[in-house]
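Taking it in order: structure first as structure tokens, then the write-up.
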Amino acid sequence: MTRMTQIVYLDHNATSPVRAGVVDAVADALTVSGNASSVHQAGRQARQLVDQARDHVARLVGVSPAEIVFTSGGTEANNLVLRGVDVDHILVSTVEHPSVLEAADNIEQIPVDKNGLVDLAILEARLSELDGRILVSVMQANNETGVIEPIAEIVQIAKKYDALVHTDAIQALGKIAVERDALGVDFISLSSHKIGGPQGVGALVINEEVPLRALNRGGGQERNRRGGTENVPGIVGFGAAAEQAAEELSQAVEIEALRDQLEAAIKSIAPGTVIHGENVDRLPNTTCLSMPNVVSETQVMKFDLAGFMISAGAACSSGKVQASHVLLAMGVEDEEASTAIRISLGHTNNASDVEAFVEQWREMYARANRDALKGAA
Amino acid sequence: MNEVIKKRQPIYLDNHATTPTDPRVVEAMLPYFTEKFGNPHSGSHYYGWEAAEAVEVARAQVAAAIGAAPEEIYFTSGATEANNLALKGVTRFYRDKKNHIITCVSEHPCILDSALDLESEGTDFTYLTVGSDGLIDINDLKAAITEDTLLVSIMTVQNEIGTIQPMAEIGALCHEHKVYLHTDAAQALGKIPLDVKAMNIDLMSLTGHKAYGPMGCGALYVTNKPKARLKPLFSGGGQEKGIRPGTLPAPLCVGLGKACELAQAEVVQESEVLRGMRDGLLSALTDALSGLHINGGMDARVAGNLNISVENVDAESLMAALPDLAFSTGSACSSASAVSSYVLNAIGLPGELAESSLRIGLGRFTTAEEVDYAAMRLIEEINNIRENRQVLSGDAAE
């Protein structure tokens, strides 16, 4: 396949292009022929690489290396904690990723308000009503809207009832600070490919005092918490991406300026445009907005033809044509939810990307509304 | 380059633990880290389609290497996950109907540990023993199958002693009794030709990094005819038809696919070369040294494997004396702990000989010069250790 159109990639929340330094680190690690569990020199070399990467990931979230369990990605990390911790009840928000929503039978969903924030009063009421051990799982930032949940407050409430708290920080990592001690949580899920590392690797930050049942047994790797030969090049790439992400966190301000510029330009074209979660704290790179009269699928297809890579929601479900469960949970009407698209910026973008996108948006909007007017007449 | 990688490499003779990634595999993978970086599940744009197409090409390559259809292949993070998924998935799906599983004492820990998990959930297990040749007795299997038997799980190639089970025969017996057959073929891919239909296999676990592909990627084959059903190990965005959710790592899938293509094309010729080198190494050792024991039968054994016990030589000391050779004293995952091999115990090897055992795995990139050097150094250090031991015991006697 070849493609001549200028490509503008605005789908960093689906996956973020692997950073140049990371590719080199992965390519080098692919040449190391050692199993990290082998005791000979080649094995020890692989082990050292894994340990270095573990340090980088641990440092990024302010934990000790022993608290990092490497997994095959965010989905596995979410499942590992939700299925692996022995609790009677799990309380999650309605806007969680499917890997959290569907992980167990004893999951109860706590609603969010129109801004996408979890209802703390209902959460506290359920915590006080339920007997037994409870795990609360709320994502730090939503993958579709970018809305940032009040994790520290959630932890404060949860701790009153001795509940454990997990946060899926997969979309937050690298975009805002993810610091375990500031958040106060017991468990954090992380994924490499959302921060410019390779796909196929993630991590769960654990509380070593809480027993965790492994999903994958065998071989005893990751201190019996995750059996299977360590994905050495993948882990090395995750470590390298974590190191860069830590250094570049300060650049989030620039990404945020681009995002704000994009939103302001679109609002000046169509003042009535709804930006989901606009009134609360959001990730600096994400905007989720509805264009009246054009369904999401049509928008993403037309943008794609014009060379702009965006999405109509989460990547995993974007193959299906259905309104986002996140927007519906926020009380967004079907009509509005089915015309929403997500633009997520990242380390590859600059001001001209945003300007070009806005121009394309303006054109599509003008045509749609002309057609709509014609239809009305 | 990372300082750790720059150090000089010893001769690599541990191809059962992991294999070097074939440069042709690396070459195939690299573009999917850089310009073709898309999320294969991004259905809304070109980058997603490009990655998805690459994943499907890889799926077809994996399928072709084992005689399966592409839609029978589910990507996983490796063989451990594939084995956990096969055993737990099938059992948890069907356990209301049938709840007995037959496996073998010399299976990989991820099968045996999965069995423990399932036993704690109420599933019955029968563990077949193996003979000194490392193989099960088909009559034992016949006797163990009951009305309640759901699944038999026997590995195709043993990871420590390289022995090859008679899968076609095992499979025929299973199918006669309407029992599913799963096999852990992690050590078989690229070592022997594989054909799930001819071998009567319903589920097969594969991994990339034992066949010159990448770590972190494997696959589970699940037969469509008759369809075997399984419950996923985890939930998520519905990828892999809901059987194995999570973003598929496109570069790793591409690497596994390429590795399978190479394995299929090169397995026969490569095995011949390896068999020549392995047999040469063995005769060099037996010519020069007394008190060697070959562990497991030599007839049904993969070409690159040699597992021997050296009388009066502690394997750990030998390994310490040979930093220029990378081999192992057991399987990689258990070798960090000082427990002697349960596999060698299972074939009836006395404890002392088990602690004197070496596993040597020759591979695609092993050269004849390396094998000659390894033989020379092994003989040298084995003689040294034996002489020192005699001197020490002589001193003690005085």
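For the structure tokens, the naming scheme is as follows: chains receive sequential letters (A, B, ...) according to their order of presentation, residues are indexed from 1 within each chain, and ligands are indexed from 1 in presentation order.
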Practice task
Would you give me, as a ChimeraX atom specification, the residues of chain B that come within 6 Å of chain A, using only C-alpha atoms?
Solution key: /B:17-18,20,33,37,39,41-45,77,80-81,84,109-110,113-114,215-216,234-237,246,249,326,332-333
Take the residues just selected and output them with N, CA and C atoms as a PDB file, in the first residue's frame.
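Dumped to again.pdb:
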ATOM      1  N   ALA B  17      15.858 -22.202  25.944  1.00  0.00           N
ATOM      2  CA  ALA B  17      15.409 -21.117  26.825  1.00  0.00           C
ATOM      3  C   ALA B  17      14.824 -20.000  25.980  1.00  0.00           C
ATOM      4  N   THR B  18      15.591 -19.604  24.997  1.00  0.00           N
ATOM      5  CA  THR B  18      15.110 -18.620  24.032  1.00  0.00           C
ATOM      6  C   THR B  18      16.054 -18.663  22.853  1.00  0.00           C
ATOM      7  N   PRO B  20      17.868 -16.548  19.529  1.00  0.00           N
ATOM      8  CA  PRO B  20      18.112 -15.202  19.023  1.00  0.00           C
ATOM      9  C   PRO B  20      17.030 -14.873  17.987  1.00  0.00           C
ATOM     10  N   PHE B  33       7.194  -0.689  14.027  1.00  0.00           N
ATOM     11  CA  PHE B  33       7.467   0.170  15.183  1.00  0.00           C
ATOM     12  C   PHE B  33       7.507   1.632  14.749  1.00  0.00           C
ATOM     13  N   PHE B  37       2.927   2.353  12.427  1.00  0.00           N
ATOM     14  CA  PHE B  37       2.801   2.154  13.869  1.00  0.00           C
ATOM     15  C   PHE B  37       1.375   1.946  14.354  1.00  0.00           C
ATOM     16  N   ASN B  39      -2.595   1.308  15.518  1.00  0.00           N
ATOM     17  CA  ASN B  39      -3.299   0.348  16.377  1.00  0.00           C
ATOM     18  C   ASN B  39      -4.162  -0.494  15.443  1.00  0.00           C
ATOM     19  N   HIS B  41      -6.627  -2.077  15.725  1.00  0.00           N
ATOM     20  CA  HIS B  41      -8.065  -2.024  15.979  1.00  0.00           C
ATOM     21  C   HIS B  41      -8.652  -0.648  15.688  1.00  0.00           C
ATOM     22  N   SER B  42      -7.830   0.274  15.201  1.00  0.00           N
ATOM     23  CA  SER B  42      -8.341   1.573  14.782  1.00  0.00           C
ATOM     24  C   SER B  42      -9.014   1.379  13.432  1.00  0.00           C
ATOM     25  N   GLY B  43     -10.337   1.212  13.453  1.00  0.00           N
ATOM     26  CA  GLY B  43     -11.044   0.913  12.215  1.00  0.00           C
ATOM     27  C   GLY B  43     -11.324   2.148  11.393  1.00  0.00           C
ATOM     28  N   SER B  44     -10.922   3.311  11.904  1.00  0.00           N
ATOM     29  CA  SER B  44     -11.368   4.538  11.266  1.00  0.00           C
ATOM     30  C   SER B  44     -10.341   5.179  10.353  1.00  0.00           C
ATOM     31  N   HIS B  45      -9.152   4.650  10.288  1.00  0.00           N
ATOM     32  CA  HIS B  45      -8.178   5.305   9.416  1.00  0.00           C
ATOM     33  C   HIS B  45      -7.122   4.347   8.887  1.00  0.00           C
ATOM     34  N   SER B  77       0.166 -13.458  24.398  1.00  0.00           N
ATOM     35  CA  SER B  77       1.453 -12.849  24.752  1.00  0.00           C
ATOM     36  C   SER B  77       2.573 -13.889  24.807  1.00  0.00           C
ATOM     37  N   THR B  80       3.024 -19.381  27.593  1.00  0.00           N
ATOM     38  CA  THR B  80       2.467 -19.503  28.938  1.00  0.00           C
ATOM     39  C   THR B  80       1.016 -19.058  28.930  1.00  0.00           C
ATOM     40  N   GLU B  81       0.750 -17.928  28.311  1.00  0.00           N
ATOM     41  CA  GLU B  81      -0.638 -17.471  28.245  1.00  0.00           C
ATOM     42  C   GLU B  81      -1.483 -18.419  27.398  1.00  0.00           C
ATOM     43  N   ASN B  84      -2.240 -21.436  29.540  1.00  0.00           N
ATOM     44  CA  ASN B  84      -3.235 -21.087  30.563  1.00  0.00           C
ATOM     45  C   ASN B  84      -4.619 -20.952  29.929  1.00  0.00           C
ATOM     46  N   PRO B 109       5.882 -26.044  33.613  1.00  0.00           N
ATOM     47  CA  PRO B 109       5.209 -25.543  34.832  1.00  0.00           C
ATOM     48  C   PRO B 109       3.909 -24.784  34.557  1.00  0.00           C
ATOM     49  N   CYS B 110       3.785 -24.131  33.404  1.00  0.00           N
ATOM     50  CA  CYS B 110       2.561 -23.351  33.204  1.00  0.00           C
ATOM     51  C   CYS B 110       1.354 -24.265  32.990  1.00  0.00           C
ATOM     52  N   ASP B 113       0.900 -25.691  36.775  1.00  0.00           N
ATOM     53  CA  ASP B 113       0.333 -24.669  37.661  1.00  0.00           C
ATOM     54  C   ASP B 113      -1.106 -24.340  37.283  1.00  0.00           C
ATOM     55  N   SER B 114      -1.399 -24.339  35.984  1.00  0.00           N
ATOM     56  CA  SER B 114      -2.792 -24.136  35.562  1.00  0.00           C
ATOM     57  C   SER B 114      -3.652 -25.278  36.096  1.00  0.00           C
ATOM     58  N   MET B 215      10.056 -12.270  21.565  1.00  0.00           N
ATOM     59  CA  MET B 215       9.438 -12.555  22.858  1.00  0.00           C
ATOM     60  C   MET B 215       8.148 -11.757  22.953  1.00  0.00           C
ATOM     61  N   GLY B 216       7.262 -12.178  23.845  1.00  0.00           N
ATOM     62  CA  GLY B 216       6.049 -11.389  24.090  1.00  0.00           C
ATOM     63  C   GLY B 216       4.940 -11.678  23.108  1.00  0.00           C
ATOM     64  N   PHE B 234      -9.250 -13.145  30.194  1.00  0.00           N
ATOM     65  CA  PHE B 234      -9.603 -11.799  30.608  1.00  0.00           C
ATOM     66  C   PHE B 234     -10.512 -11.104  29.619  1.00  0.00           C
ATOM     67  N   SER B 235     -11.061  -9.986  30.083  1.00  0.00           N
ATOM     68  CA  SER B 235     -12.079  -9.269  29.325  1.00  0.00           C
ATOM     69  C   SER B 235     -11.489  -7.976  28.793  1.00  0.00           C
ATOM     70  N   GLY B 236     -12.167  -7.379  27.843  1.00  0.00           N
ATOM     71  CA  GLY B 236     -11.648  -6.129  27.314  1.00  0.00           C
ATOM     72  C   GLY B 236     -12.387  -5.677  26.088  1.00  0.00           C
ATOM     73  N   GLY B 237     -11.652  -5.146  25.135  1.00  0.00           N
ATOM     74  CA  GLY B 237     -12.258  -4.505  23.978  1.00  0.00           C
ATOM     75  C   GLY B 237     -12.761  -5.452  22.901  1.00  0.00           C
ATOM     76  N   GLY B 246      -7.474  -7.126  24.208  1.00  0.00           N
ATOM     77  CA  GLY B 246      -6.261  -6.332  24.396  1.00  0.00           C
ATOM     78  C   GLY B 246      -5.741  -5.923  23.026  1.00  0.00           C
ATOM     79  N   PRO B 249      -0.295  -6.453  19.539  1.00  0.00           N
ATOM     80  CA  PRO B 249       0.974  -5.796  19.215  1.00  0.00           C
ATOM     81  C   PRO B 249       1.363  -6.121  17.779  1.00  0.00           C
ATOM     82  N   ALA B 326      27.159 -20.436  27.023  1.00  0.00           N
ATOM     83  CA  ALA B 326      25.843 -20.226  27.631  1.00  0.00           C
ATOM     84  C   ALA B 326      25.008 -21.476  27.406  1.00  0.00           C
ATOM     85  N   ALA B 332      14.936 -22.752  31.812  1.00  0.00           N
ATOM     86  CA  ALA B 332      15.281 -21.385  32.214  1.00  0.00           C
ATOM     87  C   ALA B 332      14.443 -20.902  33.377  1.00  0.00           C
ATOM     88  N   CYS B 333      13.163 -21.185  33.330  1.00  0.00           N
ATOM     89  CA  CYS B 333      12.301 -20.580  34.346  1.00  0.00           C
ATOM     90  C   CYS B 333      12.599 -21.136  35.715  1.00  0.00           C
TER      91      CYS B 333
END
Exercise for the section: Fewer than 3 positions away in the same chain doesn't count, so skip those; otherwise give me all residues within 8 Å of Val92 in chain A, counting only C-alpha atoms, as a PyMOL selection string. Expected result: chain A and resi 96+100-101+107-110+136-138
Exercise for the section: Based on DSSP run over this structure's backbone, return all residues of range 95-206 of chain B in strand (DSSP E), as number ranges by chain. Expected result: B: 100-104, 124-128, 149-153, 180-184, 203-206
Exercise for the section: Would you mind reading off the distance between CA of Met319 in chain B and CA of Leu358 in chain B, one decimal, in Å? Expected result: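 Interatomic distance, CA of Met319 in chain B to CA of Leu358 in chain B: 8.8 Å.
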Handout entry: DSSP alpha helix (DSSP H) residues within range 121-329 of chain B, as a PyMOL selection string
Key = chain B and resi 138-144+167-176+250-288+315-321
Practice task
Would you kindly return, as a PyMOL selection string, each protein, DNA or RNA residue with an atom no farther than 10 Å from any atom of Glu208 in chain A, considering only C-alpha atoms and excluding same-chain residues fewer than 6 positions away?
Solution key: chain A and resi 66-68+186-187
Residues near Leu151 in chain B, cut-off 9 Å, only C-alpha atoms, skip fewer than 2 positions along chain, as a compact mmCIF listing (two decimals) with C-alpha atoms, in the first residue's frame:
# COMPACT_ATOMS: atom_id res chain seq x y z
CA LEU B 87 -6.50 -25.43 29.83
CA VAL B 90 -11.77 -25.14 27.73
CA THR B 91 -12.31 -26.46 31.25
CA LYS B 98 -17.22 -33.00 31.64
CA ASN B 99 -14.69 -32.18 34.31
CA HIS B 100 -11.69 -34.51 34.06
CA ILE B 101 -8.38 -33.67 32.45
CA ILE B 102 -5.40 -35.88 31.68
CA THR B 103 -1.93 -34.42 31.47
CA THR B 149 -12.69 -36.85 30.39
CA SER B 153 -2.88 -31.98 27.34
CA CYS B 174 -8.52 -38.96 22.14
CA VAL B 179 -11.88 -36.00 24.03
CA TYR B 180 -10.13 -32.77 23.04
CA LEU B 181 -6.35 -32.87 22.63
CA HIS B 182 -4.27 -29.84 23.52
Handout entry: CA of Asn307 in chain B to CA of Arg223 in chain A, straight-line distance in Å
Key = 27.9 Å
Problem - Non-local contacts of range 50-64 of chain B (7 Å; only C-alpha atoms; under 4 positions in same chain excluded) as a list in words - result: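 Surrounding residues, per the criterion: Lys36, Gly38, Asn39, Pro40, His41, Tyr46, Ala68, Ala69, Pro70, Ile73, Ala250, Cys253, Val254, Leu256, Gly257, Lys258, Cys260 and Glu261 of chain B.
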Output for the residues just chosen: C-alpha atoms as a PDB file, in the first residue's frame:
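So again.pdb came out as:
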ATOM      1  CA  LYS B  36       3.517   1.633  10.194  1.00  0.00           C
ATOM      2  CA  GLY B  38      -1.021   2.018  13.872  1.00  0.00           C
ATOM      3  CA  ASN B  39      -3.299   0.348  16.377  1.00  0.00           C
ATOM      4  CA  PRO B  40      -4.658  -2.633  14.401  1.00  0.00           C
ATOM      5  CA  HIS B  41      -8.065  -2.024  15.979  1.00  0.00           C
ATOM      6  CA  TYR B  46      -5.386   4.120   7.180  1.00  0.00           C
ATOM      7  CA  ALA B  68      -4.523 -24.690  10.259  1.00  0.00           C
ATOM      8  CA  ALA B  69      -6.925 -22.077   8.921  1.00  0.00           C
ATOM      9  CA  PRO B  70      -6.204 -18.426   9.796  1.00  0.00           C
ATOM     10  CA  ILE B  73      -5.372 -18.761  15.287  1.00  0.00           C
ATOM     11  CA  ALA B 250       1.260  -5.520  15.445  1.00  0.00           C
ATOM     12  CA  CYS B 253       2.493 -10.453  15.460  1.00  0.00           C
ATOM     13  CA  VAL B 254       4.394  -9.648  12.265  1.00  0.00           C
ATOM     14  CA  LEU B 256       5.765 -14.291  14.906  1.00  0.00           C
ATOM     15  CA  GLY B 257       4.300 -14.639  11.427  1.00  0.00           C
ATOM     16  CA  LYS B 258       7.672 -14.242   9.751  1.00  0.00           C
ATOM     17  CA  CYS B 260       6.564 -19.242  11.371  1.00  0.00           C
ATOM     18  CA  GLU B 261       7.095 -18.756   7.654  1.00  0.00           C
TER      19      GLU B 261
END
